[in-house]
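Asks: What follows is structure-v2.txt, compact mmCIF, C-alpha atoms.
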```txt
# COMPACT_ATOMS: atom_id res chain seq x y z
CA MET P 1 9.04 56.10 28.06
CA ALA P 2 8.20 58.26 25.08
CA ALA P 3 4.87 56.47 24.66
CA VAL P 4 4.01 56.96 28.33
CA ALA P 5 4.93 60.62 28.11
CA ALA P 6 2.80 61.06 25.00
CA TRP P 7 -0.17 59.37 26.66
CA ALA P 8 0.19 61.60 29.72
CA VAL P 9 0.15 64.69 27.51
CA PHE P 10 -2.90 63.37 25.63
CA ALA P 11 -4.79 62.46 28.81
CA GLY P 12 -3.98 65.80 30.36
CA GLY P 13 -5.18 67.59 27.25
CA THR P 14 -8.41 65.60 27.24
CA ARG P 15 -9.10 66.48 30.87
CA ALA P 16 -8.35 70.13 30.22
CA GLN P 17 -10.64 70.14 27.20
CA SER P 18 -13.39 68.46 29.26
CA ALA P 19 -12.97 71.03 32.03
CA ASN P 20 -13.23 73.82 29.48
CA THR P 21 -16.54 72.56 28.05
CA THR P 22 -18.34 70.91 30.97
CA GLY P 23 -19.42 71.77 34.47
CA ALA P 24 -21.02 70.10 37.46
CA LEU P 25 -24.29 70.29 39.34
CA GLU P 26 -24.75 69.84 43.07
CA PHE P 27 -28.15 70.12 44.73
CA ALA P 28 -30.11 69.27 47.84
CA ALA P 29 -33.86 68.77 48.05
CA TYR P 30 -36.08 69.31 51.08
CA VAL P 31 -39.83 69.17 51.72
CA SER P 32 -41.37 71.18 54.55
CA PRO P 33 -44.64 69.82 55.99
CA THR P 34 -46.99 72.29 57.63
CA ALA P 35 -45.61 73.53 60.96
CA ALA P 36 -42.69 71.11 60.82
CA LYS P 37 -38.99 71.12 59.98
CA PRO P 38 -37.81 70.48 56.42
CA GLU P 39 -37.15 66.83 55.61
CA PRO P 40 -34.61 65.65 53.01
CA VAL P 41 -35.93 64.04 49.84
CA ARG P 42 -34.22 60.67 50.18
CA ALA P 43 -33.42 58.18 47.37
CA PHE P 44 -35.48 60.14 44.86
CA THR P 45 -34.74 60.33 41.12
CA PHE P 46 -34.17 63.78 39.62
CA TYR P 47 -33.85 64.46 35.90
CA VAL P 48 -31.75 67.08 34.13
CA LEU P 49 -33.66 68.06 30.99
CA THR P 50 -32.78 70.24 28.04
CA LYS P 51 -36.36 71.51 27.94
CA SER P 52 -38.80 72.47 30.68
CA PHE P 53 -41.11 69.60 31.57
CA ASP P 54 -44.03 72.01 31.41
CA ASP P 55 -43.01 72.97 27.87
CA ILE P 56 -42.71 69.29 26.98
CA LYS P 57 -46.35 68.87 28.01
CA HIS P 58 -47.31 71.84 25.84
CA GLU P 59 -45.44 70.25 22.93
CA ILE P 60 -47.52 67.08 23.29
CA GLU P 61 -50.73 69.09 23.61
CA GLU P 62 -50.01 70.93 20.39
CA ALA P 63 -49.05 67.72 18.59
CA ASN P 64 -52.18 65.86 19.72
CA GLY P 65 -54.62 68.75 19.60
CA ALA P 66 -56.41 69.71 22.79
CA PRO P 67 -60.23 69.38 22.85
CA ASN P 68 -61.71 72.24 20.84
CA ARG P 69 -64.56 73.96 22.66
CA ASP P 70 -66.49 75.02 19.55
CA LYS P 71 -66.19 71.57 17.94
CA PHE P 72 -67.35 70.00 21.18
CA ILE P 73 -70.40 72.30 21.24
CA ASP P 74 -71.17 71.51 17.59
CA GLY P 75 -71.38 67.83 18.50
CA LEU P 76 -73.91 68.31 21.30
CA LYS P 77 -77.47 67.10 20.80
CA LEU P 78 -78.95 70.51 21.54
CA SER P 79 -80.84 73.08 19.51
CA ALA P 80 -78.89 75.32 17.16
CA GLU P 81 -79.95 78.27 19.32
CA MET P 82 -78.53 76.68 22.45
CA ARG P 83 -75.26 75.80 20.73
CA GLU P 84 -74.97 79.39 19.54
CA TRP P 85 -75.62 80.66 23.07
CA LEU P 86 -72.96 78.38 24.55
CA LYS P 87 -70.39 79.59 22.03
CA GLY P 88 -71.11 83.17 23.01
CA HIS P 89 -70.69 82.59 26.75
CA GLU P 90 -67.72 81.33 28.76
CA THR P 91 -69.64 78.76 30.78
CA LEU P 92 -70.50 75.21 29.76
CA ASP P 93 -72.07 74.39 33.11
CA LEU P 94 -75.75 75.25 32.82
CA THR P 95 -76.47 74.15 36.40
CA MET P 96 -73.80 76.26 38.07
CA PRO P 97 -75.21 78.79 40.60
CA GLY P 98 -75.40 82.19 38.96
CA THR P 99 -76.03 80.85 35.45
CA ASP P 100 -79.53 82.32 35.59
CA LYS P 101 -77.94 85.79 35.74
CA LEU P 102 -76.43 85.19 32.30
CA ILE P 103 -79.81 84.40 30.75
CA THR P 104 -81.82 87.31 29.42
CA ALA P 105 -85.53 87.50 28.65
CA GLU P 106 -84.62 87.42 24.96
CA ASP P 107 -82.63 84.20 25.54
CA ILE P 108 -85.63 82.58 27.22
CA VAL P 109 -87.94 83.05 24.24
CA HIS P 110 -85.20 82.43 21.64
CA VAL P 111 -83.55 79.26 22.99
CA PRO P 112 -85.96 76.28 23.23
CA GLU P 113 -84.12 74.66 26.16
CA PHE P 114 -84.28 77.89 28.17
CA LEU P 115 -87.96 78.29 27.43
CA VAL P 116 -88.75 74.81 28.75
CA ALA P 117 -86.58 75.37 31.87
CA TYR P 118 -88.25 78.73 32.51
CA GLN P 119 -91.73 77.25 32.13
CA ARG P 120 -90.92 74.37 34.48
CA SER P 121 -89.35 76.56 37.15
CA ASN P 122 -92.45 78.81 37.15
CA SER P 123 -95.09 76.10 36.89
CA GLY P 124 -97.56 75.13 39.59
CA GLY P 125 -98.54 78.67 40.50
CA VAL P 126 -95.08 79.67 41.70
CA ALA P 127 -95.17 82.91 39.69
CA ASN P 128 -98.25 85.12 39.83
CA GLY P 129 -99.55 86.55 36.58
CA ILE P 130 -97.19 84.66 34.30
CA PRO P 131 -98.67 84.41 30.76
CA LYS P 132 -100.10 81.08 29.72
CA PRO P 133 -100.01 79.76 26.16
CA LYS P 134 -103.30 79.83 24.22
CA TYR P 135 -102.06 77.99 21.16
CA LYS P 136 -102.71 74.27 20.78
CA ASP P 137 -100.39 71.68 19.32
CA SER P 138 -103.28 70.37 17.23
CA ASP P 139 -103.44 73.72 15.42
CA LYS P 140 -99.83 73.36 14.26
CA MET P 141 -100.91 71.13 11.37
CA ASP P 142 -104.56 72.09 10.95
CA HIS P 143 -104.26 75.87 11.43
CA PRO P 144 -100.55 76.77 11.13
CA GLU P 145 -101.13 80.52 10.75
CA LYS P 146 -103.31 80.69 13.86
CA TYR P 147 -100.83 78.51 15.74
CA GLU P 148 -97.85 80.70 14.86
CA LYS P 149 -99.75 83.93 15.61
CA GLU P 150 -100.84 82.79 19.07
CA ARG P 151 -97.44 81.29 19.80
CA GLN P 152 -95.68 84.54 18.95
CA GLU P 153 -98.13 86.51 21.08
CA TYR P 154 -97.38 84.18 23.99
CA LEU P 155 -93.60 84.54 23.54
CA ASN P 156 -93.84 88.33 23.39
CA ALA P 157 -95.97 88.40 26.55
CA LEU P 158 -93.59 85.98 28.29
CA LYS P 159 -90.60 88.11 27.34
CA LYS P 160 -92.22 91.24 28.81
CA TYR P 161 -93.09 89.33 31.98
CA ALA P 162 -89.51 88.04 32.41
CA GLN P 163 -88.16 91.55 31.91
CA ALA P 164 -90.57 92.97 34.47
CA HIS P 165 -90.02 90.11 36.94
CA PRO P 166 -86.30 89.18 36.91
CA GLU P 167 -86.85 87.09 40.04
CA SER P 168 -88.82 84.63 37.89
CA VAL P 169 -85.57 83.69 36.11
CA ALA P 170 -83.88 82.62 39.35
CA GLY P 171 -83.65 78.87 39.76
CA MET P 172 -83.83 78.04 36.07
CA GLU P 173 -80.48 76.26 36.28
CA LEU P 174 -82.07 73.56 38.46
CA GLU P 175 -84.20 72.49 35.50
CA MET P 176 -81.29 71.99 33.08
CA ASP P 177 -79.41 69.10 34.63
CA SER P 178 -80.50 66.64 31.91
CA ILE P 179 -79.05 68.80 29.10
CA ASN P 180 -76.00 70.09 30.96
CA PRO P 181 -72.85 69.52 28.81
CA ALA P 182 -70.37 70.27 31.63
CA LYS P 183 -69.82 66.62 32.58
CA LYS P 184 -69.04 65.52 29.00
CA TRP P 185 -66.68 68.48 28.54
CA ALA P 186 -64.87 67.63 31.78
CA GLU P 187 -64.54 64.00 30.66
CA ALA P 188 -63.07 65.08 27.30
CA GLN P 189 -60.55 67.37 29.00
CA ASN P 190 -59.59 64.78 31.63
CA SER P 191 -59.10 62.10 29.00
CA PHE P 192 -56.81 64.38 27.00
CA LYS P 193 -54.89 65.43 30.13
CA LYS P 194 -54.42 61.78 31.05
CA ARG P 195 -52.90 61.02 27.63
CA VAL P 196 -50.55 63.99 27.94
CA ASN P 197 -49.48 62.94 31.44
CA GLN P 198 -48.73 59.45 30.16
CA GLN P 199 -46.70 60.61 27.16
CA ALA P 200 -44.76 63.50 28.73
CA PRO P 201 -42.42 61.47 31.00
CA MET P 202 -41.55 59.14 28.12
CA LEU P 203 -40.81 62.01 25.75
CA ALA P 204 -38.77 63.79 28.43
CA GLN P 205 -36.54 60.75 28.96
CA THR P 206 -36.12 59.78 25.31
CA LYS P 207 -35.67 63.20 23.68
CA TYR P 208 -34.71 65.77 26.32
CA LEU P 209 -32.79 63.85 29.01
CA ALA P 210 -29.26 65.10 29.73
CA ALA P 211 -28.70 63.18 32.98
CA LYS P 212 -30.48 61.65 35.94
CA VAL P 213 -29.43 60.95 39.50
CA ASP P 214 -30.82 59.61 42.78
CA THR P 215 -30.49 61.65 45.95
CA SER P 216 -28.69 60.32 49.01
CA LEU P 217 -30.24 59.72 52.41
CA GLU P 218 -29.42 63.36 53.16
CA GLY P 219 -31.36 64.50 50.08
CA GLN P 220 -28.21 65.51 48.19
CA ALA P 221 -26.84 64.62 44.75
CA ARG P 222 -24.09 65.55 42.32
CA ILE P 223 -23.74 65.25 38.57
CA GLY P 224 -20.41 65.90 36.88
CA ARG P 225 -19.32 66.50 33.28
CA LEU P 226 -22.49 68.22 32.13
CA PRO P 227 -21.92 70.15 28.90
CA ALA P 228 -22.17 73.88 29.56
CA GLY P 229 -25.66 75.21 28.82
CA ASN P 230 -29.14 75.80 30.17
CA TYR P 231 -31.15 72.95 31.71
CA TRP P 232 -34.12 72.19 33.94
CA LEU P 233 -33.85 70.11 37.10
CA SER P 234 -37.11 68.19 37.19
CA THR P 235 -39.03 65.47 39.00
CA LEU P 236 -41.25 65.02 35.92
CA ASP P 237 -44.74 64.18 37.26
CA LEU P 238 -43.42 62.43 40.36
CA GLU P 239 -44.14 63.99 43.75
CA ALA P 240 -41.76 64.16 46.67
CA GLY P 241 -43.65 63.99 49.92
CA ALA P 242 -43.29 64.64 53.60
CA GLY P 243 -46.19 64.93 56.00
CA ASP P 244 -49.03 66.78 54.29
CA SER P 245 -46.86 68.31 51.52
CA ARG P 246 -46.44 66.92 48.01
CA LEU P 247 -43.98 68.76 45.76
CA LYS P 248 -42.76 68.71 42.17
CA TRP P 249 -39.84 70.66 40.73
CA ASP P 250 -39.02 71.97 37.28
CA VAL P 251 -36.30 74.51 38.06
CA PRO P 252 -34.12 76.22 35.41
CA ILE P 253 -30.36 75.89 35.96
CA ALA P 254 -27.32 77.16 34.10
CA ILE P 255 -24.16 75.04 33.85
CA GLU P 256 -20.93 76.94 33.20
CA ALA P 257 -17.74 75.34 31.92
CA GLY P 258 -15.29 74.52 34.68
CA GLN P 259 -17.78 75.60 37.37
CA THR P 260 -20.04 73.80 39.84
CA THR P 261 -23.64 75.04 39.97
CA ARG P 262 -25.28 74.62 43.38
CA ILE P 263 -28.99 74.84 44.11
CA GLU P 264 -31.36 74.01 46.95
CA LEU P 265 -34.83 72.70 46.15
CA THR P 266 -37.53 73.62 48.67
CA ASN P 267 -41.25 74.36 48.88
CA LEU P 268 -40.50 77.88 47.67
CA ASN P 269 -39.24 76.90 44.20
CA SER P 270 -41.50 73.88 43.68
CA THR P 271 -44.04 73.92 40.86
CA GLU P 272 -46.84 72.40 42.88
CA THR P 273 -47.81 72.12 46.50
CA ALA P 274 -50.78 69.91 47.36
CA LYS P 275 -52.20 69.42 50.82
CA PHE P 276 -53.97 66.30 52.00
CA LYS P 277 -57.42 67.17 53.29
```
Have the structure of the file written as structure tokens, please.
Replies:
Amino acid sequence: MAAVAAWAVFAGGTRAQSANTTGALEFAAYVSPTAAKPEPVRAFTFYVLTKSFDDIKHEIEEANGAPNRDKFIDGLKLSAEMREWLKGHETLDLTMPGTDKLITAEDIVHVPEFLVAYQRSNSGGVANGIPKPKYKDSDKMDHPEKYEKERQEYLNALKKYAQAHPESVAGMELEMDSINPAKKWAEAQNSFKKRVNQQAPMLAQTKYLAAKVDTSLEGQARIGRLPAGNYWLSTLDLEAGAGDSRLKWDVPIAIEAGQTTRIELTNLNSTETAKFK
């Protein structure tokens, strides 16, 4: 009898202590397609994390080192002048409409790739009165001083022409497809993003997972005995879908000792909404 009484006191004390340090989470998740009623997210796994999933991705990015723009430019097989120009401008897409507006007359005569593109876009009599070079490649070795003098005269005349005829710069971007670094840069970024997206869910579940639960057919779930503290209710990189809507959640929640935290997940507090085209 004494032993049973002692155990009852101990068990009661343990439950009281647990109630004083833990809380519960109840939530429901719904996805609203366009012009339709919300649908429950059925039999879907949700994760309670001790760190935001977005911050977990940033942690991996910092650990692995995201592609460095300047280092990428340094590795391009372009002239030093072109690499310098790229570093000084936000764009890496030389064929994007409007790029010609970033290129000045000084850039045309200073950057070899721009000079070639400008010459090609104005060849065949497209531009009236455009200066023509008088220097010959054969003079570069035999008469270097004459070659350099005539070449500089041509560049100065071409610069004045480009300044006086800004319309002659339009369309230059169409001649730079073969040297455009945008595709390689996009591939480097996509490859890095793919590695991050592969590693983030694993890190989230091995280092930052507090609990996980599957929703019912009504889109509801409950988790008990969560230590009091701040968490994030997340779907990781998984999307919950209904109709044309695809949603992810990474919602901050606070668990208080002895209390039940209730939250409803909808389109409004999702982190991403994608529409099928």
Asks: Considering all atoms listed in the file, return as a list of chain:residue names whatever protein or nucleic-acid residues lie within 12 Å of Gly219 in chain P, sequence-local ones (same chain, fewer than 3 positions apart) excluded.
Replies: P:Glu26, P:Phe27, P:Ala28, P:Ala29, P:Tyr30, P:Val31, P:Pro38, P:Glu39, P:Pro40, P:Val41, P:Arg42, P:Ala43, P:Phe44, P:Thr45, P:Phe46, P:Val213, P:Asp214, P:Thr215, P:Ser216, P:Arg222, P:Ala240, P:Glu264, P:Leu265, P:Thr266
Asks: Show me the residues close to (-83.7, 72.7, 30.9) - anything with an atom within 6 Å, counting only C-alpha atoms - and format the list as a JSON list (two decimals) with C-alpha atoms, keeping the file's coordinate frame.
Replies:
```json
[["chain", "number", "residue", "atom", "x", "y", "z"],
["P", 113, "GLU", "CA", -84.12, 74.66, 26.16],
["P", 114, "PHE", "CA", -84.28, 77.89, 28.17],
["P", 116, "VAL", "CA", -88.75, 74.81, 28.75],
["P", 117, "ALA", "CA", -86.58, 75.37, 31.87],
["P", 175, "GLU", "CA", -84.20, 72.49, 35.50],
["P", 176, "MET", "CA", -81.29, 71.99, 33.08]]
```
Asks: Show which residues sit within 10 Å of Thr99 in chain P, as number ranges by chain. Count only C-alpha atoms, and ignore same-chain residues fewer than 5 positions away.
Replies: P: 91-94, 169-174
Asks: Would you pick out the contacts of Arg195 in chain P at 10 Å or less, using only C-alpha atoms, so that residues sharing its chain but fewer than 6 positions from it are not included, and give the list as a ChimeraX atom specification?
Replies: /P:60-61,64
Asks: Could you turn the residues from that selection into a file that holds C-alpha atoms, as a PDB file, keeping the file's coordinate frame?
Replies:
```
ATOM      1  CA  ILE P  60     -47.520  67.080  23.290  1.00  0.00           C
ATOM      2  CA  GLU P  61     -50.730  69.090  23.610  1.00  0.00           C
ATOM      3  CA  ASN P  64     -52.180  65.860  19.720  1.00  0.00           C
TER       4      ASN P  64
END
```
Asks: Would you mind reading off the distance between CA of Lys183 in chain P and CA of Asp70 in chain P, one decimal, in Å?
Replies: 15.9 Å
Asks: Which residues are close to Glu167 in chain P, i.e. within 12 Å by only C-alpha atoms, leaving aside same-chain residues fewer than 4 positions away? Reply as a ChimeraX atom specification.
Replies: /P:100-101,103-105,118,121-122,126-128,161-163,171-172
Asks: Next, the residues of the selection above should be written as a PDB file, in the frame of the given file with C-alpha atoms.
Replies:
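That gives us out.pdb:
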```pdb
ATOM      1  CA  ASP P 100     -79.530  82.320  35.590  1.00  0.00           C
ATOM      2  CA  LYS P 101     -77.940  85.790  35.740  1.00  0.00           C
ATOM      3  CA  ILE P 103     -79.810  84.400  30.750  1.00  0.00           C
ATOM      4  CA  THR P 104     -81.820  87.310  29.420  1.00  0.00           C
ATOM      5  CA  ALA P 105     -85.530  87.500  28.650  1.00  0.00           C
ATOM      6  CA  TYR P 118     -88.250  78.730  32.510  1.00  0.00           C
ATOM      7  CA  SER P 121     -89.350  76.560  37.150  1.00  0.00           C
ATOM      8  CA  ASN P 122     -92.450  78.810  37.150  1.00  0.00           C
ATOM      9  CA  VAL P 126     -95.080  79.670  41.700  1.00  0.00           C
ATOM     10  CA  ALA P 127     -95.170  82.910  39.690  1.00  0.00           C
ATOM     11  CA  ASN P 128     -98.250  85.120  39.830  1.00  0.00           C
ATOM     12  CA  TYR P 161     -93.090  89.330  31.980  1.00  0.00           C
ATOM     13  CA  ALA P 162     -89.510  88.040  32.410  1.00  0.00           C
ATOM     14  CA  GLN P 163     -88.160  91.550  31.910  1.00  0.00           C
ATOM     15  CA  GLY P 171     -83.650  78.870  39.760  1.00  0.00           C
ATOM     16  CA  MET P 172     -83.830  78.040  36.070  1.00  0.00           C
TER      17      MET P 172
END
```
Asks: Nearest residue to Glu256 in chain P out of P:Gln119, P:Asn230, P:Thr271, P:Thr235, using all atoms listed in the file?
Replies: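 Answer, going by the shortest atom-to-atom distance: P:Asn230.
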Asks: Using all atoms listed in the file for the distances, tell me which of P:Gln259, P:Asn156, P:Ser52, P:Ser32 is nearest to Ser245 in chain P.
Replies: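 Residue with the minimum atom-to-atom distance to Ser245 in chain P: P:Ser32.
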Asks: Which of these, P:Gly124, P:Pro252, P:Gly23, P:Gly65, has the shortest distance to Leu226 in chain P once you count all atoms listed in the file?
Replies: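 Using all atoms listed in the file, Leu226 in chain P sits closest to P:Gly23.
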Asks: Draw an axis-aligned box over all listed atoms of range 112-116 of chain P, pad each side with 5 Å, and write its centre and edge lengths in Å, one decimal, as JSON.
Replies:
```
{"center_x": -86.4, "center_y": 76.5, "center_z": 26.0, "size_x": 14.6, "size_y": 13.6, "size_z": 15.5}
```
Asks: Would you kindly place N, CA and C atoms on range 32-55 of chain P and return the model as a PDB file, in the frame of the given file?
Replies:
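So part_22.pdb came out as:
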```pdb
ATOM      1  N   SER P  32     -40.962  70.682  53.242  1.00  0.00           N
ATOM      2  CA  SER P  32     -41.370  71.180  54.550  1.00  0.00           C
ATOM      3  C   SER P  32     -42.861  70.938  54.777  1.00  0.00           C
ATOM      4  N   PRO P  33     -43.217  69.994  55.644  1.00  0.00           N
ATOM      5  CA  PRO P  33     -44.640  69.820  55.990  1.00  0.00           C
ATOM      6  C   PRO P  33     -45.127  71.040  56.767  1.00  0.00           C
ATOM      7  N   THR P  34     -46.424  71.165  56.892  1.00  0.00           N
ATOM      8  CA  THR P  34     -46.990  72.290  57.630  1.00  0.00           C
ATOM      9  C   THR P  34     -46.551  72.240  59.087  1.00  0.00           C
ATOM     10  N   ALA P  35     -46.030  73.382  59.563  1.00  0.00           N
ATOM     11  CA  ALA P  35     -45.610  73.530  60.960  1.00  0.00           C
ATOM     12  C   ALA P  35     -44.609  72.474  61.389  1.00  0.00           C
ATOM     13  N   ALA P  36     -43.710  72.111  60.483  1.00  0.00           N
ATOM     14  CA  ALA P  36     -42.690  71.110  60.820  1.00  0.00           C
ATOM     15  C   ALA P  36     -41.376  71.474  60.136  1.00  0.00           C
ATOM     16  N   LYS P  37     -40.300  70.856  60.556  1.00  0.00           N
ATOM     17  CA  LYS P  37     -38.990  71.120  59.980  1.00  0.00           C
ATOM     18  C   LYS P  37     -38.854  70.473  58.609  1.00  0.00           C
ATOM     19  N   PRO P  38     -38.034  71.062  57.740  1.00  0.00           N
ATOM     20  CA  PRO P  38     -37.810  70.480  56.420  1.00  0.00           C
ATOM     21  C   PRO P  38     -37.218  69.075  56.529  1.00  0.00           C
ATOM     22  N   GLU P  39     -37.673  68.182  55.656  1.00  0.00           N
ATOM     23  CA  GLU P  39     -37.150  66.830  55.610  1.00  0.00           C
ATOM     24  C   GLU P  39     -36.459  66.596  54.273  1.00  0.00           C
ATOM     25  N   PRO P  40     -35.307  65.912  54.267  1.00  0.00           N
ATOM     26  CA  PRO P  40     -34.610  65.650  53.010  1.00  0.00           C
ATOM     27  C   PRO P  40     -35.388  64.694  52.118  1.00  0.00           C
ATOM     28  N   VAL P  41     -35.286  64.922  50.812  1.00  0.00           N
ATOM     29  CA  VAL P  41     -35.930  64.040  49.840  1.00  0.00           C
ATOM     30  C   VAL P  41     -34.948  62.894  49.573  1.00  0.00           C
ATOM     31  N   ARG P  42     -35.173  61.768  50.193  1.00  0.00           N
ATOM     32  CA  ARG P  42     -34.220  60.670  50.180  1.00  0.00           C
ATOM     33  C   ARG P  42     -34.467  59.706  49.014  1.00  0.00           C
ATOM     34  N   ALA P  43     -33.369  59.226  48.408  1.00  0.00           N
ATOM     35  CA  ALA P  43     -33.420  58.180  47.370  1.00  0.00           C
ATOM     36  C   ALA P  43     -34.483  58.466  46.319  1.00  0.00           C
ATOM     37  N   PHE P  44     -34.483  59.685  45.828  1.00  0.00           N
ATOM     38  CA  PHE P  44     -35.480  60.140  44.860  1.00  0.00           C
ATOM     39  C   PHE P  44     -34.777  60.484  43.551  1.00  0.00           C
ATOM     40  N   THR P  45     -35.368  60.090  42.422  1.00  0.00           N
ATOM     41  CA  THR P  45     -34.740  60.330  41.120  1.00  0.00           C
ATOM     42  C   THR P  45     -35.068  61.718  40.602  1.00  0.00           C
ATOM     43  N   PHE P  46     -34.024  62.463  40.250  1.00  0.00           N
ATOM     44  CA  PHE P  46     -34.170  63.780  39.620  1.00  0.00           C
ATOM     45  C   PHE P  46     -33.613  63.696  38.193  1.00  0.00           C
ATOM     46  N   TYR P  47     -34.203  64.485  37.310  1.00  0.00           N
ATOM     47  CA  TYR P  47     -33.850  64.460  35.900  1.00  0.00           C
ATOM     48  C   TYR P  47     -33.348  65.832  35.466  1.00  0.00           C
ATOM     49  N   VAL P  48     -32.248  65.848  34.728  1.00  0.00           N
ATOM     50  CA  VAL P  48     -31.750  67.080  34.130  1.00  0.00           C
ATOM     51  C   VAL P  48     -32.197  67.070  32.670  1.00  0.00           C
ATOM     52  N   LEU P  49     -33.055  68.017  32.324  1.00  0.00           N
ATOM     53  CA  LEU P  49     -33.660  68.060  30.990  1.00  0.00           C
ATOM     54  C   LEU P  49     -33.152  69.261  30.207  1.00  0.00           C
ATOM     55  N   THR P  50     -33.154  69.124  28.893  1.00  0.00           N
ATOM     56  CA  THR P  50     -32.780  70.240  28.040  1.00  0.00           C
ATOM     57  C   THR P  50     -33.980  71.112  27.681  1.00  0.00           C
ATOM     58  N   LYS P  51     -35.140  70.737  28.181  1.00  0.00           N
ATOM     59  CA  LYS P  51     -36.360  71.510  27.940  1.00  0.00           C
ATOM     60  C   LYS P  51     -37.238  71.402  29.181  1.00  0.00           C
ATOM     61  N   SER P  52     -37.906  72.480  29.523  1.00  0.00           N
ATOM     62  CA  SER P  52     -38.800  72.470  30.680  1.00  0.00           C
ATOM     63  C   SER P  52     -39.843  71.375  30.532  1.00  0.00           C
ATOM     64  N   PHE P  53     -40.104  70.657  31.622  1.00  0.00           N
ATOM     65  CA  PHE P  53     -41.110  69.600  31.570  1.00  0.00           C
ATOM     66  C   PHE P  53     -42.481  70.165  31.247  1.00  0.00           C
ATOM     67  N   ASP P  54     -42.763  71.357  31.726  1.00  0.00           N
ATOM     68  CA  ASP P  54     -44.030  72.010  31.410  1.00  0.00           C
ATOM     69  C   ASP P  54     -44.127  72.292  29.915  1.00  0.00           C
ATOM     70  N   ASP P  55     -43.015  72.723  29.308  1.00  0.00           N
ATOM     71  CA  ASP P  55     -43.010  72.970  27.870  1.00  0.00           C
ATOM     72  C   ASP P  55     -43.113  71.668  27.078  1.00  0.00           C
TER      73      ASP P  55
END
```
